[in-house]
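Inspection log for the structure reproduced underneath, given as structure tokens.
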Amino acid sequence: MPLPSLQFHSTRIFSTLLRRSMATIATTDLFSPTNTHVGWIGTGVMGCSMCGHLLKAGYTVTIFNRTIAKAQPLLDLGARLADSPHAVASQSDVVFSIVGYPSDVRHVLLDSTTGVLSGLRPGGFIVDMTTSEPSLAREISSAASSKHCSAIDAPVSGGDRGAKYGTLAIFAGGEESAVNKLNPLFTLMGKVNYMGSSGKGQFAKLANQITIASTMVGLVEGMVYAHKAGLNVELFLNAISTGAAGSKSLDLYGSRILQRDFEPGFYVNHFIKDLGICLKECQSMGLALPGLALAQQLYLSLKAHGEGNLGTQALILVLERLNNVSLEPPVASNPSS
């Protein structure tokens, strides 16, 4: 009677193949509002706008922030509030984080009791969008893999305006298949650029910061020079904006500097942190980048003057102090006095 045995064996093979097929479909499905719960940690200048795009697209989002008041705009849009990163992760398929410093990243994601990884189910995703250390990104990826989860390092560039309008440049490191699956979420915040294995997103962002640092020095030096030469600085900026000296930094910050608007699109303190990581990486690589070192010293001067919570465009203040000039327009005298 071999037939029943053969039939039973065939049924087992079919069931196994069906389960494998279903698993393949599940792991390749793109994320969408109908099948994905999102967690978000960090609702500061950048994070609040970025998370807002996900909520407006219809995603169910659970959030955590140390200062609850900064999360209120997202709560008003329908986000749920959790009391710890662990609690966020336990309700989420994907958890995004964008916090201040590498130490914050480590605590939020890897703490054994309150961290994201302690609460994330197998198959979950961690996406850290903080500018942090490449070595930490690799450590997070390894820890996630050991729990059958995935981790992507995906720092961003574009400032508060890029976050607000969903036009950020996103530098992604990790498994390319995971980045592709996350693409519907990334697209709501900007354009994702796959840079390679874990840590490569952070390396790309650090190279981006090195480029911006010297660009900002050039911008404010050009403005001080134009002012000292007696040019109308606003006309000067408009003139160079369409030439070879035009840049995203000029577009984002030129008019803000002229208006003495030093509100942070990106904090000086955080930029100093980024440049410090860059210098540390340069030391380990044996690289000498004098422009980077100079920019870091100039920004440290801002911090020394208690201006670390201003935006990076406040670099103009350093050049004004060095040269005993001010681009601030004189206060008009009262004709009646």
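Following the order of the structure tokens, first chain is A, next is B, and so on, with residues numbered from 1 inside each chain and ligands from 1 in the order they appear.
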Determine, for each residue of range 172-196 of chain A having at least one atom at most 12 Å from an atom of range 92-112 of chain A, the closest pair of atoms and their separation in Å to one decimal, counting only C-alpha atoms; order by chain and ascending number, as a tab-separated table.
```
residue	atom	partner	partner_atom	distance
A:Ala178	CA	A:Val94	CA	11.0
A:Val179	CA	A:Val94	CA	11.9
A:Lys181	CA	A:Val94	CA	10.9
A:Leu182	CA	A:Val94	CA	8.8
A:Leu185	CA	A:Val94	CA	9.8
A:Phe186	CA	A:Phe96	CA	10.6
```
What are the closest atom pairs, with distances in Å to one decimal, for each residue of range 144-254 of chain A lying within 7 Å of range 258-267 of chain A, using only C-alpha atoms, rows by chain and rising residue number, as a tab-separated table?
```
residue	atom	partner	partner_atom	distance
A:Gly159	CA	A:Gly265	CA	5.3
A:Asp160	CA	A:Gly265	CA	4.6
A:Gly254	CA	A:Leu258	CA	6.5
```
With all heavy atoms kept, could you save the residues just selected as a CSV table (one decimal), in the first residue's frame?
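The file below, selection.csv, is the result:
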```csv
chain,number,residue,atom,x,y,z
A,159,GLY,N,18.3,70.0,6.5
A,159,GLY,CA,17.8,71.0,7.5
A,159,GLY,C,16.3,70.9,7.8
A,159,GLY,O,15.6,70.1,7.3
A,160,ASP,N,15.9,71.9,8.6
A,160,ASP,CA,14.5,72.0,9.0
A,160,ASP,C,13.6,72.1,7.8
A,160,ASP,O,12.4,71.6,7.8
A,160,ASP,CB,14.3,73.1,10.0
A,160,ASP,CG,14.7,74.5,9.5
A,160,ASP,OD1,15.6,74.6,8.6
A,160,ASP,OD2,14.1,75.5,10.0
A,254,GLY,N,21.4,82.2,3.5
A,254,GLY,CA,21.8,83.6,3.2
A,254,GLY,C,20.9,84.6,3.7
A,254,GLY,O,21.3,85.6,4.4
```
Quick one: everything within 9 Å of Lys273 in chain A, counting only C-alpha atoms, minus sequence neighbours fewer than 2 positions away in the same chain. Send it as a short mmCIF file (atom, residue, chain, number, x, y, z; two decimals) with N, CA, C and O atoms, in the first residue's frame.
```cif
data_model
loop_
_atom_site.label_atom_id
_atom_site.label_comp_id
_atom_site.auth_asym_id
_atom_site.auth_seq_id
_atom_site.Cartn_x
_atom_site.Cartn_y
_atom_site.Cartn_z
N GLY A 100 19.88 63.11 19.73
CA GLY A 100 20.97 64.08 19.69
C GLY A 100 22.36 63.53 19.48
O GLY A 100 23.06 63.91 18.54
N TYR A 101 22.79 62.62 20.34
CA TYR A 101 24.19 62.22 20.40
C TYR A 101 24.30 60.69 20.35
O TYR A 101 23.33 59.98 20.65
N THR A 131 22.68 61.48 13.13
CA THR A 131 24.07 61.46 12.68
C THR A 131 24.91 60.95 13.85
O THR A 131 24.97 61.57 14.90
N SER A 132 25.52 59.80 13.63
CA SER A 132 26.19 59.12 14.74
C SER A 132 27.47 58.45 14.24
O SER A 132 27.92 58.70 13.13
N VAL A 268 24.00 74.40 16.43
CA VAL A 268 25.46 74.49 16.49
C VAL A 268 26.02 73.34 17.32
O VAL A 268 27.00 72.69 16.92
N ASN A 269 25.43 73.07 18.47
CA ASN A 269 25.93 72.00 19.34
C ASN A 269 25.96 70.65 18.62
O ASN A 269 26.90 69.87 18.77
N HIS A 270 24.92 70.37 17.84
CA HIS A 270 24.87 69.10 17.12
C HIS A 270 25.87 69.08 15.97
O HIS A 270 26.44 68.02 15.66
N PHE A 271 26.10 70.24 15.35
CA PHE A 271 27.08 70.29 14.27
C PHE A 271 28.49 70.08 14.83
O PHE A 271 29.31 69.38 14.21
N LEU A 275 31.08 67.24 13.60
CA LEU A 275 32.45 67.52 13.16
C LEU A 275 33.47 66.81 14.05
O LEU A 275 34.53 66.39 13.58
N GLY A 276 33.14 66.66 15.33
CA GLY A 276 34.02 65.91 16.23
C GLY A 276 34.11 64.44 15.83
O GLY A 276 35.20 63.85 15.86
N ILE A 277 32.98 63.85 15.43
CA ILE A 277 32.99 62.46 14.94
C ILE A 277 33.83 62.37 13.67
O ILE A 277 34.63 61.45 13.49
N CYS A 278 33.67 63.36 12.79
CA CYS A 278 34.46 63.40 11.55
C CYS A 278 35.95 63.41 11.86
O CYS A 278 36.74 62.65 11.26
#
```
- [ ] For CA of Val38 in chain A and CA of Leu75 in chain A, determine how far apart the two atoms are, in Å to one decimal place.
- [x]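 CA of Leu75 in chain A lies 14.1 Å from CA of Val38 in chain A.
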Open item on the list: Taking only range 64-269 of chain A into account, list the residues labelled strand (DSSP E) by DSSP (computed from the backbone), as a ChimeraX atom specification.
Closed with: /A:64,80-81,94-97,125-128,150-153,156-157,168-173,190-196
Task: Nearest-residue call for Lys205 in chain A, choices A:Met189, A:Met129, A:Ile41, A:Ala144, using only C-alpha atoms - done: A:Met129
- [ ] For range 225-238 of chain A, please output as a ChimeraX atom specification all residues within 9 Å (counting only C-alpha atoms; exclusion window: fewer than 4 positions along the same chain).
- [x] /A:220-221,242,246,250,254-255,258,325-327
Please save N, CA and C atoms of the selected residues as an mmCIF file, in the first residue's frame.
```
data_model
loop_
_atom_site.group_PDB
_atom_site.id
_atom_site.type_symbol
_atom_site.label_atom_id
_atom_site.label_comp_id
_atom_site.auth_asym_id
_atom_site.auth_seq_id
_atom_site.Cartn_x
_atom_site.Cartn_y
_atom_site.Cartn_z
ATOM 1 N N VAL A 220 30.057 82.737 4.850
ATOM 2 C CA VAL A 220 30.095 83.873 5.769
ATOM 3 C C VAL A 220 31.322 84.747 5.523
ATOM 4 N N GLU A 221 32.439 84.159 5.094
ATOM 5 C CA GLU A 221 33.592 84.985 4.755
ATOM 6 C C GLU A 221 33.279 85.875 3.552
ATOM 7 N N THR A 242 23.169 82.253 -8.725
ATOM 8 C CA THR A 242 23.001 81.518 -9.979
ATOM 9 C C THR A 242 24.339 81.216 -10.658
ATOM 10 N N GLY A 246 26.991 79.570 -6.125
ATOM 11 C CA GLY A 246 25.687 79.193 -5.581
ATOM 12 C C GLY A 246 25.762 77.857 -4.856
ATOM 13 N N LEU A 250 23.803 78.582 0.758
ATOM 14 C CA LEU A 250 23.422 79.967 0.449
ATOM 15 C C LEU A 250 21.909 80.088 0.375
ATOM 16 N N GLY A 254 21.416 82.233 3.519
ATOM 17 C CA GLY A 254 21.826 83.592 3.172
ATOM 18 C C GLY A 254 20.872 84.650 3.677
ATOM 19 N N SER A 255 19.587 84.480 3.358
ATOM 20 C CA SER A 255 18.608 85.491 3.783
ATOM 21 C C SER A 255 18.393 85.456 5.286
ATOM 22 N N LEU A 258 21.078 87.578 6.874
ATOM 23 C CA LEU A 258 20.820 89.006 6.689
ATOM 24 C C LEU A 258 19.706 89.503 7.605
ATOM 25 N N VAL A 325 33.295 93.852 12.846
ATOM 26 C CA VAL A 325 32.283 94.413 11.956
ATOM 27 C C VAL A 325 30.943 93.775 12.297
ATOM 28 N N SER A 326 29.883 94.347 11.782
ATOM 29 C CA SER A 326 28.559 93.759 11.953
ATOM 30 C C SER A 326 27.749 93.975 10.688
ATOM 31 N N LEU A 327 27.139 92.890 10.212
ATOM 32 C CA LEU A 327 26.266 92.993 9.055
ATOM 33 C C LEU A 327 24.861 93.417 9.451
#
```
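From CA of Ala172 in chain A back to CA of Met195 in chain A, the distance works out to 5.7 Å.
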Task: Selected residue, from A:Gly291, A:Gly115, A:Gly158, A:Gly123, that lies nearest to Ile140 in chain A when counting only C-alpha atoms - done: A:Gly115
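Note that CA of Leu292 in chain A and CA of Ala207 in chain A are 10.2 Å apart.
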Open item on the list: With only C-alpha atoms as the counted atoms, please give the residues lying no more than 12 Å from Asn193 in chain A, apart from itself and same-chain residues fewer than 2 positions off, as a list in words.
Closed with: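 The filter keeps Asp153, Ala154, Pro155, Val156, Ser157, Leu168, Ala169, Ile170, Phe171, Ala172, Gly173, Gly174, Glu176, Val179, Asn180, Asn183, Phe186, Thr187, Gly190, Lys191, Met195, Gly196, Lys200, Gly201, Gln202, Ala204 and Lys205 of chain A.
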Keeping only N, CA, C and O atoms, write those residues as a compact mmCIF listing (two decimals), in the first residue's frame.
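Listed below is the output, result22.txt:
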```
# COMPACT_ATOMS: atom_id res chain seq x y z
N ASP A 153 21.13 52.27 9.19
CA ASP A 153 21.56 53.63 9.57
C ASP A 153 21.20 54.54 8.40
O ASP A 153 21.58 54.28 7.26
N ALA A 154 20.41 55.58 8.69
CA ALA A 154 19.87 56.42 7.62
C ALA A 154 19.85 57.90 8.03
O ALA A 154 18.78 58.53 8.09
N PRO A 155 21.02 58.49 8.30
CA PRO A 155 21.05 59.91 8.64
C PRO A 155 20.62 60.76 7.44
O PRO A 155 20.64 60.28 6.30
N VAL A 156 20.24 61.99 7.73
CA VAL A 156 19.63 62.84 6.70
C VAL A 156 20.35 64.17 6.59
O VAL A 156 21.04 64.62 7.51
N SER A 157 20.15 64.84 5.44
CA SER A 157 20.65 66.19 5.23
C SER A 157 19.57 67.00 4.54
O SER A 157 18.81 66.47 3.73
N LEU A 168 14.34 65.79 2.09
CA LEU A 168 15.63 65.44 2.68
C LEU A 168 16.42 64.48 1.79
O LEU A 168 15.85 63.68 1.05
N ALA A 169 17.74 64.59 1.87
CA ALA A 169 18.62 63.54 1.33
C ALA A 169 18.83 62.53 2.45
O ALA A 169 19.21 62.91 3.56
N ILE A 170 18.56 61.27 2.17
CA ILE A 170 18.66 60.20 3.17
C ILE A 170 19.78 59.25 2.74
O ILE A 170 19.77 58.75 1.62
N PHE A 171 20.75 59.03 3.63
CA PHE A 171 21.90 58.17 3.33
C PHE A 171 21.72 56.85 4.07
O PHE A 171 21.84 56.82 5.30
N ALA A 172 21.45 55.78 3.35
CA ALA A 172 21.09 54.52 3.99
C ALA A 172 22.21 53.50 3.93
O ALA A 172 22.80 53.26 2.87
N GLY A 173 22.49 52.87 5.08
CA GLY A 173 23.45 51.79 5.17
C GLY A 173 22.81 50.56 5.79
O GLY A 173 22.02 50.68 6.72
N GLY A 174 23.14 49.38 5.28
CA GLY A 174 22.56 48.14 5.78
C GLY A 174 22.21 47.22 4.62
O GLY A 174 22.70 47.40 3.50
N GLU A 176 20.48 45.94 1.51
CA GLU A 176 19.78 46.69 0.46
C GLU A 176 18.31 46.27 0.36
O GLU A 176 17.43 47.09 0.11
N VAL A 179 16.37 48.19 2.89
CA VAL A 179 16.19 49.58 2.47
C VAL A 179 15.09 49.68 1.42
O VAL A 179 14.24 50.57 1.47
N ASN A 180 15.08 48.75 0.48
CA ASN A 180 14.05 48.75 -0.55
C ASN A 180 12.66 48.57 0.04
O ASN A 180 11.69 49.20 -0.40
N ASN A 183 11.39 51.73 1.51
CA ASN A 183 11.35 52.88 0.60
C ASN A 183 10.03 53.67 0.65
O ASN A 183 10.06 54.90 0.58
N PHE A 186 10.52 56.01 3.49
CA PHE A 186 11.56 57.00 3.20
C PHE A 186 11.06 58.06 2.21
O PHE A 186 11.37 59.25 2.34
N THR A 187 10.31 57.62 1.20
CA THR A 187 9.86 58.53 0.15
C THR A 187 9.02 59.68 0.69
O THR A 187 9.01 60.77 0.12
N GLY A 190 11.81 62.18 1.89
CA GLY A 190 12.82 62.68 0.97
C GLY A 190 13.26 61.61 0.00
O GLY A 190 12.50 60.69 -0.32
N LYS A 191 14.49 61.69 -0.44
CA LYS A 191 15.05 60.75 -1.41
C LYS A 191 16.10 59.88 -0.72
O LYS A 191 17.08 60.40 -0.18
N MET A 195 23.88 53.54 0.29
CA MET A 195 25.32 53.80 0.31
C MET A 195 26.17 52.54 0.53
O MET A 195 27.38 52.58 0.36
N GLY A 196 25.53 51.43 0.94
CA GLY A 196 26.30 50.20 1.16
C GLY A 196 25.94 49.53 2.48
O GLY A 196 24.84 49.71 3.01
N LYS A 200 27.78 52.58 6.40
CA LYS A 200 28.09 53.39 5.22
C LYS A 200 27.18 54.60 5.11
O LYS A 200 27.57 55.64 4.56
N GLY A 201 25.95 54.51 5.64
CA GLY A 201 25.08 55.68 5.67
C GLY A 201 25.69 56.77 6.54
O GLY A 201 25.68 57.95 6.19
N GLN A 202 26.24 56.36 7.69
CA GLN A 202 26.88 57.32 8.58
C GLN A 202 28.14 57.92 7.94
O GLN A 202 28.38 59.12 8.05
N ALA A 204 28.67 58.39 4.82
CA ALA A 204 28.23 59.34 3.79
C ALA A 204 27.77 60.64 4.42
O ALA A 204 28.08 61.73 3.92
N LYS A 205 27.04 60.55 5.54
CA LYS A 205 26.57 61.77 6.19
C LYS A 205 27.75 62.57 6.75
O LYS A 205 27.76 63.81 6.69
```
TODO: Find the residue from A:Ser177, A:Gln313, A:Thr43, A:Gln283 that sits nearest to Asp29 in chain A; use only C-alpha atoms when measuring.
DONE: A:Ser177
- [ ] Could you find all residues in range 88-242 of chain A that DSSP calls alpha helix (DSSP H) from the backbone, and write them as a PyMOL selection string?
- [x] chain A and resi 88-90+102-110+116-119+134-146+159-165+176-187+200-228+233-240
Export C-alpha atoms of the chosen residues as a PDB file, in the first residue's frame?
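What landed in again21.pdb:
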```pdb
ATOM      1  CA  VAL A  88       7.139  52.076  21.301  1.00  0.00           C
ATOM      2  CA  ALA A  89       8.877  49.015  19.866  1.00  0.00           C
ATOM      3  CA  SER A  90       6.408  46.541  21.352  1.00  0.00           C
ATOM      4  CA  PRO A 102      25.654  58.707  20.000  1.00  0.00           C
ATOM      5  CA  SER A 103      25.159  58.159  23.730  1.00  0.00           C
ATOM      6  CA  ASP A 104      21.443  58.899  23.241  1.00  0.00           C
ATOM      7  CA  VAL A 105      21.290  56.466  20.326  1.00  0.00           C
ATOM      8  CA  ARG A 106      22.910  53.722  22.387  1.00  0.00           C
ATOM      9  CA  HIS A 107      20.539  54.253  25.319  1.00  0.00           C
ATOM     10  CA  VAL A 108      17.380  54.538  23.224  1.00  0.00           C
ATOM     11  CA  LEU A 109      18.085  51.523  21.030  1.00  0.00           C
ATOM     12  CA  LEU A 110      20.278  49.135  23.027  1.00  0.00           C
ATOM     13  CA  VAL A 116      13.902  49.559  21.383  1.00  0.00           C
ATOM     14  CA  LEU A 117      15.612  46.246  20.719  1.00  0.00           C
ATOM     15  CA  SER A 118      14.359  44.818  24.011  1.00  0.00           C
ATOM     16  CA  GLY A 119      10.769  45.349  22.845  1.00  0.00           C
ATOM     17  CA  PRO A 134      29.691  54.331  11.974  1.00  0.00           C
ATOM     18  CA  SER A 135      31.022  51.832  14.510  1.00  0.00           C
ATOM     19  CA  LEU A 136      27.849  52.237  16.595  1.00  0.00           C
ATOM     20  CA  ALA A 137      25.712  51.670  13.491  1.00  0.00           C
ATOM     21  CA  ARG A 138      27.506  48.369  12.905  1.00  0.00           C
ATOM     22  CA  GLU A 139      27.069  47.413  16.570  1.00  0.00           C
ATOM     23  CA  ILE A 140      23.329  48.117  16.392  1.00  0.00           C
ATOM     24  CA  SER A 141      23.037  46.084  13.197  1.00  0.00           C
ATOM     25  CA  SER A 142      24.808  43.125  14.805  1.00  0.00           C
ATOM     26  CA  ALA A 143      22.627  43.317  17.928  1.00  0.00           C
ATOM     27  CA  ALA A 144      19.490  43.497  15.794  1.00  0.00           C
ATOM     28  CA  SER A 145      20.540  40.497  13.696  1.00  0.00           C
ATOM     29  CA  SER A 146      21.066  38.428  16.835  1.00  0.00           C
ATOM     30  CA  GLY A 159      17.824  70.953   7.528  1.00  0.00           C
ATOM     31  CA  ASP A 160      14.495  71.969   8.966  1.00  0.00           C
ATOM     32  CA  ARG A 161      13.134  73.026   5.574  1.00  0.00           C
ATOM     33  CA  GLY A 162      13.999  69.686   4.020  1.00  0.00           C
ATOM     34  CA  ALA A 163      12.246  67.976   6.924  1.00  0.00           C
ATOM     35  CA  LYS A 164       9.200  70.234   6.621  1.00  0.00           C
ATOM     36  CA  TYR A 165       8.749  69.810   2.869  1.00  0.00           C
ATOM     37  CA  GLU A 176      19.776  46.689   0.464  1.00  0.00           C
ATOM     38  CA  SER A 177      16.639  44.523   0.511  1.00  0.00           C
ATOM     39  CA  ALA A 178      15.621  46.075   3.826  1.00  0.00           C
ATOM     40  CA  VAL A 179      16.190  49.581   2.471  1.00  0.00           C
ATOM     41  CA  ASN A 180      14.048  48.749  -0.552  1.00  0.00           C
ATOM     42  CA  LYS A 181      11.244  47.468   1.654  1.00  0.00           C
ATOM     43  CA  LEU A 182      11.391  50.670   3.707  1.00  0.00           C
ATOM     44  CA  ASN A 183      11.345  52.879   0.604  1.00  0.00           C
ATOM     45  CA  PRO A 184       7.628  53.810   0.828  1.00  0.00           C
ATOM     46  CA  LEU A 185       8.343  55.293   4.263  1.00  0.00           C
ATOM     47  CA  PHE A 186      11.562  57.003   3.197  1.00  0.00           C
ATOM     48  CA  THR A 187       9.862  58.532   0.148  1.00  0.00           C
ATOM     49  CA  LYS A 200      28.092  53.385   5.220  1.00  0.00           C
ATOM     50  CA  GLY A 201      25.084  55.677   5.674  1.00  0.00           C
ATOM     51  CA  GLN A 202      26.883  57.323   8.576  1.00  0.00           C
ATOM     52  CA  PHE A 203      30.128  57.622   6.611  1.00  0.00           C
ATOM     53  CA  ALA A 204      28.226  59.335   3.790  1.00  0.00           C
ATOM     54  CA  LYS A 205      26.571  61.766   6.195  1.00  0.00           C
ATOM     55  CA  LEU A 206      29.917  62.615   7.797  1.00  0.00           C
ATOM     56  CA  ALA A 207      31.383  63.342   4.361  1.00  0.00           C
ATOM     57  CA  ASN A 208      28.342  65.526   3.757  1.00  0.00           C
ATOM     58  CA  GLN A 209      29.032  67.446   6.979  1.00  0.00           C
ATOM     59  CA  ILE A 210      32.671  67.954   6.008  1.00  0.00           C
ATOM     60  CA  THR A 211      31.503  69.472   2.720  1.00  0.00           C
ATOM     61  CA  ILE A 212      28.950  71.718   4.439  1.00  0.00           C
ATOM     62  CA  ALA A 213      31.452  72.908   7.075  1.00  0.00           C
ATOM     63  CA  SER A 214      33.827  74.482   4.575  1.00  0.00           C
ATOM     64  CA  THR A 215      30.917  75.738   2.458  1.00  0.00           C
ATOM     65  CA  MET A 216      29.511  77.606   5.458  1.00  0.00           C
ATOM     66  CA  VAL A 217      32.907  79.146   6.214  1.00  0.00           C
ATOM     67  CA  GLY A 218      33.157  80.311   2.606  1.00  0.00           C
ATOM     68  CA  LEU A 219      29.640  81.741   2.667  1.00  0.00           C
ATOM     69  CA  VAL A 220      30.095  83.873   5.769  1.00  0.00           C
ATOM     70  CA  GLU A 221      33.592  84.985   4.755  1.00  0.00           C
ATOM     71  CA  GLY A 222      32.225  86.110   1.384  1.00  0.00           C
ATOM     72  CA  MET A 223      29.439  88.031   3.105  1.00  0.00           C
ATOM     73  CA  VAL A 224      31.835  89.796   5.482  1.00  0.00           C
ATOM     74  CA  TYR A 225      34.146  90.672   2.589  1.00  0.00           C
ATOM     75  CA  ALA A 226      31.261  92.039   0.496  1.00  0.00           C
ATOM     76  CA  HIS A 227      30.081  94.113   3.460  1.00  0.00           C
ATOM     77  CA  LYS A 228      33.546  95.538   4.110  1.00  0.00           C
ATOM     78  CA  VAL A 233      25.161  92.133   0.675  1.00  0.00           C
ATOM     79  CA  GLU A 234      21.642  91.096  -0.313  1.00  0.00           C
ATOM     80  CA  LEU A 235      22.290  92.100  -3.929  1.00  0.00           C
ATOM     81  CA  PHE A 236      25.633  90.290  -3.759  1.00  0.00           C
ATOM     82  CA  LEU A 237      24.009  87.046  -2.581  1.00  0.00           C
ATOM     83  CA  ASN A 238      21.353  87.249  -5.282  1.00  0.00           C
ATOM     84  CA  ALA A 239      24.065  87.806  -7.885  1.00  0.00           C
ATOM     85  CA  ILE A 240      26.192  84.811  -6.915  1.00  0.00           C
TER      86      ILE A 240
END
```
TODO: Can you pull out every residue within 7 Å of Cys149 in chain A, counting only C-alpha atoms, but drop anything in the same chain fewer than 6 positions away, and send it as a list of chain:residue names?
DONE: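 Near neighbours after the sequence-gap exclusion: A:Pro122, A:Gly123, A:Gly124, A:Phe125.
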Quick one: residues within 7 Å of His53 in chain A, only C-alpha atoms counted, chain neighbours fewer than 4 positions away excluded, as an mmCIF file with all heavy atoms, in the first residue's frame?
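Saved file part.cif follows:
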```
data_model
loop_
_atom_site.group_PDB
_atom_site.id
_atom_site.type_symbol
_atom_site.label_atom_id
_atom_site.label_comp_id
_atom_site.auth_asym_id
_atom_site.auth_seq_id
_atom_site.Cartn_x
_atom_site.Cartn_y
_atom_site.Cartn_z
ATOM 1 N N SER A 49 8.689 67.162 12.104
ATOM 2 C CA SER A 49 8.211 67.289 10.719
ATOM 3 C C SER A 49 8.268 65.961 9.983
ATOM 4 O O SER A 49 7.340 65.605 9.242
ATOM 5 C CB SER A 49 9.043 68.327 9.968
ATOM 6 O OG SER A 49 8.833 69.626 10.478
ATOM 7 N N ALA A 57 0.200 60.555 5.908
ATOM 8 C CA ALA A 57 0.031 59.529 4.879
ATOM 9 C C ALA A 57 -0.859 58.382 5.350
ATOM 10 O O ALA A 57 -1.148 57.468 4.584
ATOM 11 C CB ALA A 57 1.395 58.982 4.457
ATOM 12 N N LEU A 188 8.326 59.432 1.792
ATOM 13 C CA LEU A 188 7.514 60.490 2.398
ATOM 14 C C LEU A 188 8.372 61.585 3.021
ATOM 15 O O LEU A 188 7.899 62.707 3.227
ATOM 16 C CB LEU A 188 6.599 59.891 3.464
ATOM 17 C CG LEU A 188 5.541 58.909 2.956
ATOM 18 C CD1 LEU A 188 4.859 58.220 4.132
ATOM 19 C CD2 LEU A 188 4.513 59.625 2.081
ATOM 20 N N MET A 189 9.637 61.265 3.298
ATOM 21 C CA MET A 189 10.528 62.222 3.960
ATOM 22 C C MET A 189 11.564 62.816 3.020
ATOM 23 O O MET A 189 12.149 63.855 3.326
ATOM 24 C CB MET A 189 11.237 61.525 5.128
ATOM 25 C CG MET A 189 10.285 61.088 6.228
ATOM 26 S SD MET A 189 11.129 60.230 7.580
ATOM 27 C CE MET A 189 11.151 58.544 6.978
#
```
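The nearest approach to Ala151 in chain A among the residues A:Glu281, A:Glu133, A:Glu175, A:Asp76, with only C-alpha atoms taken into account, belongs to A:Glu175.
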